[in-house]
>>> print(open('input-v3.csv').read())   # CSV, C-alpha atoms
chain,number,residue,atom,x,y,z
A,199,MET,CA,36.6,-58.8,23.8
A,200,SER,CA,34.3,-61.8,24.2
A,201,THR,CA,31.5,-62.6,21.9
A,202,LEU,CA,29.0,-61.5,24.6
A,203,GLN,CA,30.6,-58.1,24.9
A,204,ILE,CA,30.6,-57.6,21.2
A,205,GLY,CA,26.9,-58.5,21.0
A,206,LEU,CA,26.1,-56.1,23.8
A,207,ALA,CA,28.0,-53.3,22.1
A,208,ILE,CA,26.2,-53.9,18.8
A,209,ALA,CA,22.9,-54.0,20.6
A,210,GLY,CA,23.7,-50.8,22.4
A,211,GLY,CA,24.6,-49.1,19.1
A,212,VAL,CA,21.3,-50.1,17.6
A,213,VAL,CA,19.3,-48.8,20.5
A,214,LEU,CA,21.2,-45.5,20.4
A,215,ALA,CA,20.6,-45.1,16.7
A,216,ALA,CA,16.9,-45.8,17.2
A,217,VAL,CA,16.7,-43.2,19.9
A,218,VAL,CA,18.4,-40.6,17.7
A,219,ALA,CA,16.2,-41.5,14.8
A,220,HIS,CA,13.1,-41.2,16.9
A,221,GLY,CA,14.2,-37.8,18.2
A,222,ALA,CA,14.8,-36.5,14.7
A,223,TRP,CA,11.4,-37.9,13.5
A,224,SER,CA,9.6,-36.2,16.5
A,225,THR,CA,11.4,-32.9,15.7
A,226,ARG,CA,10.3,-33.0,12.1
A,227,ARG,CA,6.7,-34.0,13.0
A,228,ASN,CA,6.4,-31.1,15.5
A,229,ALA,CA,8.2,-28.5,13.4
A,230,PRO,CA,6.0,-25.9,11.7
A,231,ARG,CA,4.9,-26.9,8.2
A,232,GLN,CA,6.8,-25.1,5.5
A,233,ALA,CA,5.8,-23.7,2.1
A,234,GLN,CA,6.6,-26.1,-0.7
A,235,PRO,CA,8.2,-25.1,-4.0
A,236,GLU,CA,5.6,-24.2,-6.6
A,237,PRO,CA,5.6,-25.9,-10.0
A,238,ALA,CA,7.3,-23.9,-12.8
A,239,GLY,CA,5.1,-21.1,-14.0
A,240,HIS,CA,2.7,-21.4,-11.0
A,241,PRO,CA,2.2,-17.9,-9.4
A,242,GLN,CA,3.3,-17.7,-5.8
A,243,GLY,CA,1.0,-14.8,-4.9
A,244,SER,CA,3.4,-13.3,-2.4
A,245,PRO,CA,4.6,-10.4,-4.6
A,246,GLN,CA,1.1,-9.1,-4.9
A,247,ARG,CA,0.1,-6.5,-2.4
A,248,GLU,CA,-3.2,-5.4,-0.9
A,249,PRO,CA,-4.9,-2.9,-3.3
A,250,SER,CA,-5.3,0.6,-2.0
A,251,LEU,CA,-8.8,1.9,-1.5
A,252,ASP,CA,-10.3,5.0,-3.1
A,253,ALA,CA,-10.0,8.4,-1.5
A,254,ASP,CA,-13.2,8.0,0.5
A,255,ALA,CA,-12.0,4.8,2.2
A,256,GLN,CA,-8.5,6.0,3.1
A,257,ASP,CA,-7.5,7.1,6.6
A,258,ASP,CA,-8.9,10.6,6.9
A,259,THR,CA,-7.3,11.4,10.2
A,260,GLN,CA,-4.5,12.9,8.0
A,261,PRO,CA,-4.5,16.5,6.7
A,262,MET,CA,-7.0,17.0,3.9
A,263,THR,CA,-5.5,16.2,0.4
A,264,LEU,CA,-7.2,17.2,-2.8
A,265,PRO,CA,-7.8,14.9,-5.8
A,266,PRO,CA,-6.6,16.1,-9.2
A,267,VAL,CA,-9.9,15.6,-10.9
A,268,ALA,CA,-13.5,16.5,-10.0
A,269,ARG,CA,-15.7,14.1,-8.0
A,270,ARG,CA,-19.4,13.9,-7.5
A,271,SER,CA,-20.7,14.8,-4.1
A,272,VAL,CA,-20.4,12.1,-1.5
A,273,MET,CA,-22.6,14.0,1.0
A,274,ASP,CA,-26.0,12.6,1.6
A,275,SER,CA,-28.7,14.0,4.0
A,276,LEU,CA,-29.4,10.4,5.1
A,277,ILE,CA,-26.1,10.2,7.1
A,278,ASP,CA,-24.7,13.8,7.0
A,279,VAL,CA,-25.5,17.2,8.5
A,280,ILE,CA,-25.2,19.6,5.5
A,281,ALA,CA,-24.9,23.3,5.8
A,282,THR,CA,-25.2,25.5,2.7
A,283,ILE,CA,-22.6,28.2,2.2
A,284,ALA,CA,-24.0,31.0,0.0
A,285,LEU,CA,-21.6,33.5,-1.6
A,286,ASP,CA,-22.2,37.2,-0.7
A,287,GLY,CA,-23.5,38.7,-3.9
A,288,PRO,CA,-25.4,37.0,-6.8
A,289,THR,CA,-22.5,37.2,-9.3
A,290,GLN,CA,-19.7,36.3,-6.9
A,291,VAL,CA,-17.4,33.4,-8.0
A,292,VAL,CA,-14.7,31.8,-5.9
A,293,SER,CA,-11.7,30.2,-7.6
A,294,GLY,CA,-10.5,26.8,-6.7
A,295,GLU,CA,-7.2,28.2,-5.5
A,296,ALA,CA,-9.0,30.5,-3.0
A,297,ALA,CA,-11.3,27.7,-1.8
A,298,ILE,CA,-8.3,25.4,-1.2
A,299,ALA,CA,-6.4,28.1,0.7
A,300,ALA,CA,-9.5,28.5,3.0
A,301,MET,CA,-9.9,24.8,3.7
A,302,PRO,CA,-9.4,23.6,7.3
A,303,ALA,CA,-6.3,21.6,8.1
A,304,THR,CA,-8.0,18.3,8.7
A,305,ARG,CA,-11.2,16.7,7.6
A,306,ARG,CA,-12.5,15.7,11.0
A,307,ALA,CA,-14.8,17.3,13.5
A,308,GLY,CA,-14.0,15.4,16.7
A,309,THR,CA,-14.1,11.8,15.5
A,310,LYS,CA,-16.5,12.4,12.6
A,311,PRO,CA,-15.6,12.9,9.0
A,312,PHE,CA,-16.0,16.5,7.8
A,313,ALA,CA,-16.0,17.7,4.2
A,314,ILE,CA,-16.4,20.9,2.1
A,315,GLU,CA,-17.6,20.8,-1.5
A,316,GLY,CA,-18.1,23.4,-4.1
A,317,TYR,CA,-20.5,23.7,-7.0
A,318,ASN,CA,-18.4,23.6,-10.1
A,319,LEU,CA,-19.8,26.1,-12.6
A,320,SER,CA,-18.3,24.3,-15.6
A,321,THR,CA,-19.3,20.7,-14.8
A,322,LEU,CA,-22.3,21.5,-12.7
A,323,ASN,CA,-21.2,19.0,-10.1
A,324,TRP,CA,-20.5,19.2,-6.4
A,325,GLU,CA,-16.9,18.3,-5.8
A,326,VAL,CA,-13.9,18.9,-3.5
A,327,PRO,CA,-12.5,22.2,-4.7
A,328,VAL,CA,-9.8,21.8,-7.4
A,329,ALA,CA,-7.3,24.4,-8.6
A,330,GLY,CA,-8.2,26.0,-11.9
A,331,GLN,CA,-12.0,25.6,-11.4
A,332,ARG,CA,-14.7,28.2,-10.6
A,333,TYR,CA,-17.4,27.7,-7.9
A,334,GLY,CA,-20.7,29.4,-7.4
A,335,GLY,CA,-21.5,28.0,-3.9
A,336,PHE,CA,-20.4,25.6,-1.3
A,337,GLN,CA,-21.7,23.1,1.2
A,338,ALA,CA,-20.1,21.7,4.4
A,339,GLY,CA,-21.0,18.4,5.9
A,340,VAL,CA,-20.3,16.3,9.0
A,341,GLN,CA,-21.2,12.6,9.4
A,342,LEU,CA,-24.0,11.9,11.8
A,343,ALA,CA,-22.6,8.6,13.1
A,344,SER,CA,-19.9,6.0,12.6
A,345,ARG,CA,-18.6,3.1,14.6
A,346,SER,CA,-17.1,5.7,17.0
A,347,GLY,CA,-20.7,6.6,18.0
A,348,ALA,CA,-23.2,9.4,17.3
A,349,LEU,CA,-22.3,13.0,16.6
A,350,ASN,CA,-22.5,15.0,19.8
A,351,GLU,CA,-22.9,18.6,20.7
A,352,ILE,CA,-19.2,19.2,21.0
A,353,GLU,CA,-18.5,17.7,17.6
A,354,TYR,CA,-21.3,19.7,16.1
A,355,SER,CA,-19.9,22.9,17.6
A,356,GLU,CA,-16.4,22.1,16.1
A,357,TYR,CA,-18.1,21.5,12.7
A,358,VAL,CA,-19.8,25.0,13.0
A,359,VAL,CA,-16.5,26.7,13.9
A,360,LYS,CA,-14.7,25.1,10.9
A,361,THR,CA,-17.4,25.9,8.5
A,362,GLN,CA,-17.7,29.5,9.7
A,363,ALA,CA,-14.0,30.0,9.3
A,364,PHE,CA,-14.1,28.7,5.8
A,365,ALA,CA,-17.1,30.9,4.9
A,366,ASP,CA,-15.4,34.0,6.4
A,367,ALA,CA,-12.3,33.4,4.3
A,368,ILE,CA,-14.3,33.4,1.0
A,369,ASN,CA,-16.8,36.1,2.0
A,370,ALA,CA,-19.8,33.7,2.2
A,371,THR,CA,-22.6,33.0,4.7
A,372,PRO,CA,-23.3,29.6,6.1
A,373,GLU,CA,-26.8,28.3,7.1
A,374,PHE,CA,-26.8,25.5,9.6
A,375,PRO,CA,-29.5,23.0,10.6
A,376,GLU,CA,-30.7,23.2,14.2
A,377,MET,CA,-28.2,21.5,16.4
A,378,LEU,CA,-30.5,19.6,18.8
A,379,GLU,CA,-32.5,18.2,15.9
A,380,GLU,CA,-29.4,17.0,14.2
A,381,VAL,CA,-27.9,15.5,17.3
A,382,ALA,CA,-31.1,13.6,18.0
A,383,ARG,CA,-31.1,12.4,14.4
A,384,ALA,CA,-27.5,11.2,14.9
A,385,ARG,CA,-28.5,9.2,18.0
A,386,GLU,CA,-31.3,7.5,16.1
A,387,LEU,CA,-29.0,6.6,13.2
A,388,ASP,CA,-26.4,5.3,15.6
A,389,GLN,CA,-28.9,3.1,17.3
A,390,PHE,CA,-29.9,1.6,13.9
A,391,ALA,CA,-26.3,1.1,12.8
A,392,SER,CA,-25.4,-0.5,16.1
A,393,ALA,CA,-28.3,-3.0,15.9
A,394,HIS,CA,-27.4,-3.9,12.3
A,395,ASP,CA,-23.6,-4.0,12.4
A,396,ALA,CA,-22.3,-7.5,11.7
A,397,GLN,CA,-18.6,-8.6,11.6
A,398,LEU,CA,-18.2,-12.3,11.2
A,399,GLY,CA,-15.1,-14.3,12.1
A,400,PHE,CA,-14.0,-17.9,11.7
A,401,THR,CA,-10.9,-19.4,13.3
A,402,ILE,CA,-9.0,-22.2,11.6
A,403,ARG,CA,-7.0,-24.2,14.2
A,404,ALA,CA,-4.2,-26.7,13.6
A,405,ARG,CA,-5.1,-30.3,14.5
A,406,ASN,CA,-1.5,-31.5,14.9
A,407,ALA,CA,1.5,-29.8,13.4
A,408,SER,CA,1.7,-26.0,13.5
A,409,TRP,CA,2.2,-23.8,10.4
A,410,SER,CA,4.9,-21.4,9.4
A,411,PRO,CA,4.0,-18.0,8.0
A,412,GLY,CA,5.1,-19.1,4.6
A,413,TYR,CA,2.9,-22.2,4.7
A,414,VAL,CA,-0.1,-20.1,5.6
A,415,GLN,CA,0.6,-17.5,2.9
A,416,GLN,CA,1.2,-20.1,0.2
A,417,ASN,CA,-2.1,-21.9,0.9
A,418,ALA,CA,-4.1,-18.6,1.1
A,419,ALA,CA,-2.5,-17.3,-2.1
A,420,ARG,CA,-3.8,-20.3,-3.9
A,421,LEU,CA,-7.3,-19.2,-3.0
A,422,GLY,CA,-6.8,-15.7,-4.3
A,423,PHE,CA,-5.5,-13.9,-1.2
A,424,VAL,CA,-2.8,-11.3,-1.5
A,425,ALA,CA,-0.4,-9.9,1.0
A,426,GLY,CA,-1.8,-7.0,3.1
A,427,VAL,CA,0.0,-3.8,4.1
A,428,ILE,CA,0.1,-5.0,7.7
A,429,PRO,CA,2.4,-8.0,8.7
A,430,GLY,CA,0.3,-11.1,9.3
A,431,ARG,CA,-2.6,-9.9,7.1
A,432,MET,CA,-3.8,-11.1,3.7
A,433,VAL,CA,-6.9,-9.9,1.8
A,434,LEU,CA,-9.2,-11.3,-0.8
A,435,PRO,CA,-9.7,-8.3,-3.2
A,436,ALA,CA,-13.2,-7.2,-4.4
A,437,SER,CA,-14.1,-7.7,-8.0
A,438,ALA,CA,-13.9,-3.9,-8.6
A,439,GLU,CA,-10.8,-1.8,-7.9
A,440,GLY,CA,-11.0,0.6,-5.0
A,441,LEU,CA,-13.5,-1.3,-2.8
A,442,ALA,CA,-12.9,-2.8,0.5
A,443,PRO,CA,-11.6,-6.4,0.5
A,444,VAL,CA,-14.1,-9.2,0.5
A,445,LEU,CA,-12.4,-11.1,3.2
A,446,VAL,CA,-9.4,-10.6,5.5
A,447,LEU,CA,-7.1,-13.4,6.7
A,448,GLY,CA,-5.0,-12.7,9.8
A,449,PHE,CA,-2.4,-14.5,11.8
A,450,ASP,CA,0.2,-13.7,14.5
A,451,SER,CA,2.0,-10.5,13.3
A,452,GLN,CA,5.0,-11.4,15.6
A,453,ALA,CA,5.4,-14.6,13.7
A,454,ALA,CA,5.4,-12.7,10.4
A,455,LEU,CA,8.1,-10.3,11.7
A,456,ALA,CA,10.3,-12.9,13.2
A,457,GLU,CA,14.0,-13.0,12.2
A,458,ASP,CA,13.5,-16.5,10.9
A,459,PRO,CA,9.8,-16.8,10.0
A,460,ALA,CA,10.3,-20.5,9.0
A,461,GLN,CA,10.8,-21.3,12.7
A,462,SER,CA,7.7,-19.4,13.8
A,463,ALA,CA,4.9,-21.7,14.9
A,464,ILE,CA,1.3,-20.6,14.1
A,465,ARG,CA,-1.5,-22.7,15.5
A,466,ASP,CA,-4.5,-20.7,14.3
A,467,ILE,CA,-5.5,-18.2,11.6
A,468,ALA,CA,-8.6,-16.0,11.4
A,469,LEU,CA,-11.0,-15.2,8.5
A,470,HIS,CA,-12.9,-11.9,8.9
A,471,LEU,CA,-15.9,-10.5,7.0
A,472,ASP,CA,-17.1,-6.9,7.6
A,473,VAL,CA,-20.6,-7.4,6.3
A,474,ALA,CA,-21.6,-3.8,5.6
A,475,GLN,CA,-18.4,-3.0,3.7
A,476,VAL,CA,-18.9,-5.7,1.1
A,477,ASP,CA,-21.5,-5.8,-1.7
A,478,ARG,CA,-24.0,-8.6,-1.5
A,479,SER,CA,-23.2,-9.6,-5.1
A,480,GLU,CA,-19.7,-10.7,-4.0
A,481,GLN,CA,-21.4,-13.6,-2.1
A,482,PRO,CA,-18.9,-13.0,0.7
A,483,PHE,CA,-20.3,-15.4,3.3
A,484,ASP,CA,-20.5,-18.3,0.9
A,485,ARG,CA,-16.9,-17.7,-0.2
A,486,MET,CA,-15.8,-17.3,3.4
A,487,ARG,CA,-17.4,-20.6,4.3
A,488,ASP,CA,-15.9,-22.4,1.3
A,489,MET,CA,-12.4,-21.0,1.8
A,490,ALA,CA,-12.4,-21.8,5.5
A,491,ALA,CA,-13.3,-25.4,4.7
A,492,SER,CA,-10.7,-25.5,1.9
A,493,LEU,CA,-7.9,-24.2,4.2
A,494,ALA,CA,-8.9,-26.5,7.0
A,495,GLN,CA,-8.7,-29.5,4.7
A,496,THR,CA,-5.5,-28.5,3.0
A,497,MET,CA,-3.7,-27.5,6.2
A,498,ASP,CA,-5.1,-30.2,8.5
A,499,GLY,CA,-7.1,-27.8,10.6
A,500,VAL,CA,-10.6,-27.4,12.0
A,501,VAL,CA,-13.0,-24.4,11.6
A,502,THR,CA,-14.2,-23.0,14.9
A,503,ASP,CA,-15.7,-19.8,16.4
A,504,ASP,CA,-13.7,-17.4,18.6
A,505,ASN,CA,-14.4,-19.6,21.6
A,506,GLY,CA,-12.9,-22.8,20.0
A,507,GLN,CA,-16.3,-24.4,19.3
A,508,THR,CA,-16.4,-26.4,16.0
A,509,LEU,CA,-18.7,-24.8,13.5
A,510,THR,CA,-21.0,-27.4,12.0
A,511,ALA,CA,-22.8,-27.2,8.6
A,512,GLU,CA,-26.1,-26.6,10.4
A,513,THR,CA,-24.6,-23.6,12.3
A,514,MET,CA,-23.2,-22.2,9.0
A,515,ASP,CA,-26.7,-22.5,7.4
A,516,VAL,CA,-28.3,-20.5,10.3
A,517,ILE,CA,-25.7,-17.8,10.0
A,518,GLY,CA,-26.2,-17.6,6.3
A,519,ALA,CA,-30.0,-17.3,6.6
A,520,GLU,CA,-29.7,-14.5,9.2
A,521,LEU,CA,-27.2,-12.7,7.0
A,522,GLN,CA,-29.7,-12.6,4.1
A,523,GLY,CA,-32.2,-10.9,6.4
A,524,LEU,CA,-29.6,-8.3,7.4
A,525,TYR,CA,-28.9,-7.6,3.8
A,526,ASP,CA,-32.6,-7.0,3.1
A,527,THR,CA,-33.0,-4.6,6.1
A,528,LEU,CA,-30.0,-2.5,5.0
A,529,GLU,CA,-31.3,-2.3,1.5
A,530,GLN,CA,-34.7,-1.2,2.8
A,531,HIS,CA,-33.1,1.7,4.6
A,532,ASP,CA,-31.0,2.8,1.5
A,533,LEU,CA,-27.9,1.5,3.2
A,534,ALA,CA,-27.1,-1.6,1.1
A,535,ALA,CA,-24.0,-3.4,2.1
A,536,GLY,CA,-21.0,-2.3,0.0
A,537,SER,CA,-22.7,1.0,-1.0
A,538,VAL,CA,-20.9,4.3,-0.5
A,539,LEU,CA,-23.2,5.3,2.4
A,540,ALA,CA,-22.9,1.9,4.1
A,541,ARG,CA,-19.1,2.0,3.8
A,542,ARG,CA,-19.1,5.5,5.4
A,543,LEU,CA,-21.6,4.8,8.1
A,544,PHE,CA,-20.0,1.5,9.2
A,545,ALA,CA,-16.5,2.8,9.3
>>> encode(input="input-v3.csv", output="structure tokens")
Amino acid sequence: MSTLQIGLAIAGGVVLAAVVAHGAWSTRRNAPRQAQPEPAGHPQGSPQREPSLDADAQDDTQPMTLPPVARRSVMDSLIDVIATIALDGPTQVVSGEAAIAAMPATRRAGTKPFAIEGYNLSTLNWEVPVAGQRYGGFQAGVQLASRSGALNEIEYSEYVVKTQAFADAINATPEFPEMLEEVARARELDQFASAHDAQLGFTIRARNASWSPGYVQQNAARLGFVAGVIPGRMVLPASAEGLAPVLVLGFDSQAALAEDPAQSAIRDIALHLDVAQVDRSEQPFDRMRDMAASLAQTMDGVVTDDNGQTLTAETMDVIGAELQGLYDTLEQHDLAAGSVLARRLFA
């Protein structure tokens, strides 16, 4: 082999090696970013799970279940239709067991939450009937409005039927408010709620390399988020147990459920704030804004709205000011954000 042939062979090998190296470098650059090993003793955050909510905030499409201890009444005439159920005879008493046996199978009238409570003669509190207790009267309520809309005539009729069946079973007589007046009140409340229902969302989009689910989870966990019960969901817990999360972080659930999540490519994640569900004292918007900026900086992303428009500091300031006005309005109507009534109405 001549000197020229040897030189060409060497040059060809160098070029081939460069091509292979460039391809490997491009593959690494475009691969989803992966979670990094944490320092010894540093909490990963992934074993933590989304805290469960209290009985009032759980899915009430399921059959009615009864708590083991007494609870104060959650009914309020501001957002509920309330019918009194008087026992037949001034000295009649109904046991908790008898009341439980007479309860309807579900706690819904149409799409609206429905509840029956008894007046506990020992604690002098209104509560969901409990075995071993004695009750001197009852009340039945149905919610006037929710995010599914206002209570209508059909739902009101279902509420009456369920309440009457319960009353008949315990030898009692119900007294109902006038239907048309309550339905009109429901529409008025629904109009107010619709005009003051705010759910804010920020999107954090990758500038260059995509993210793996583990990379997203690791960076979110460092800010206090814990794994949610739904794949692709993480939550920032409230300061008090049993309340709705302050913020929700979401990403592609299919990526979270992939056989090899490390190879799943995520290009955007969403931060969500359900304003009425979170107490003002949690400073949810300020925390949402700060965490979005932190995640964007750490993960090489940009904060945008749902349409992909970058959110500037000036825009954030405007949103924050408008939100303070909304908080004030809700408080003036006895529906402060994060309160029991607000959580029920905006659900």
>>> closest_residue(input="input-v3.csv", among="A:Asp395, A:Glu353, A:Glu373, A:Asp477", to="Val538 in chain A", atoms="all atoms listed in the file")
A:Asp477
>>> closest_residue(input="input-v3.csv", among="A:Lys360, A:Lys310, A:Arg231, A:Arg383", to="Ala281 in chain A", atoms="all atoms listed in the file")
A:Lys360
>>> atom_distance(input="input-v3.csv", atom1="CA of Arg306 in chain A", atom2="CA of Gly536 in chain A")
22.7 Å
>>> atom_distance(input="input-v3.csv", atom1="CA of Ala382 in chain A", atom2="CA of Ala474 in chain A")
23.4 Å
>>> atom_distance(input="input-v3.csv", atom1="CA of Met489 in chain A", atom2="CA of Ala418 in chain A")
8.7 Å
>>> closest_residue(input="input-v3.csv", among="A:Val414, A:Met432, A:Leu471, A:Ile464", to="Leu445 in chain A", atoms="all atoms listed in the file")
A:Leu471
>>> residues_around(input="input-v3.csv", residues="His531 in chain A", least_positions_apart="4", cutoff="10 Å", atoms="only C-alpha atoms", output="list of chain:residue names")
A:Leu276, A:Phe390, A:Asp526, A:Thr527
>>> closest_residue(input="input-v3.csv", among="A:Ser408, A:Gln415, A:His470, A:Leu539", to="Asp498 in chain A", atoms="all atoms listed in the file")
A:Ser408
>>> residues_around(input="input-v3.csv", residues="range 508-520 of chain A", least_positions_apart="4", cutoff="8 Å", atoms="all atoms listed in the file", output="PyMOL selection string")
chain A and resi 483-484+487+500-503+524
>>> residues_around(input="input-v3.csv", residues="Ala365 in chain A", least_positions_apart="5", cutoff="9 Å", atoms="only C-alpha atoms", output="ChimeraX atom specification")
/A:283-285,300,336,360,370-372
>>> residues_around(input="input-v3.csv", residues="Thr309 in chain A", least_positions_apart="2", cutoff="9 Å", atoms="all atoms listed in the file", output="ChimeraX atom specification")
/A:259,306-307,311,344,346-347,349,353
>>> residues_around(input="input-v3.csv", residues="Pro230 in chain A", least_positions_apart="4", cutoff="7 Å", atoms="all atoms listed in the file", output="VMD selection string")
chain A and resid 407 to 410 461 463
>>> residues_near_point(input="input-v3.csv", point="(-14.4, 26.5, -13.4)", cutoff="10 Å", atoms="all atoms listed in the file", output="JSON list (two decimals) with C-alpha atoms, in the coordinates of the input")
[["chain", "number", "residue", "atom", "x", "y", "z"],
["A", 291, "VAL", "CA", -17.40, 33.40, -8.00],
["A", 292, "VAL", "CA", -14.70, 31.80, -5.90],
["A", 293, "SER", "CA", -11.70, 30.20, -7.60],
["A", 294, "GLY", "CA", -10.50, 26.80, -6.70],
["A", 317, "TYR", "CA", -20.50, 23.70, -7.00],
["A", 318, "ASN", "CA", -18.40, 23.60, -10.10],
["A", 319, "LEU", "CA", -19.80, 26.10, -12.60],
["A", 320, "SER", "CA", -18.30, 24.30, -15.60],
["A", 321, "THR", "CA", -19.30, 20.70, -14.80],
["A", 322, "LEU", "CA", -22.30, 21.50, -12.70],
["A", 327, "PRO", "CA", -12.50, 22.20, -4.70],
["A", 328, "VAL", "CA", -9.80, 21.80, -7.40],
["A", 329, "ALA", "CA", -7.30, 24.40, -8.60],
["A", 330, "GLY", "CA", -8.20, 26.00, -11.90],
["A", 331, "GLN", "CA", -12.00, 25.60, -11.40],
["A", 332, "ARG", "CA", -14.70, 28.20, -10.60],
["A", 333, "TYR", "CA", -17.40, 27.70, -7.90],
["A", 334, "GLY", "CA", -20.70, 29.40, -7.40]]
>>> closest_residue(input="input-v3.csv", among="A:Ala468, A:Ala419, A:Ala367, A:Leu398", to="Ala296 in chain A", atoms="only C-alpha atoms")
A:Ala367
>>> closest_residue(input="input-v3.csv", among="A:Ala460, A:Ala229, A:Ala490, A:Leu441", to="Ser537 in chain A", atoms="all atoms listed in the file")
A:Leu441
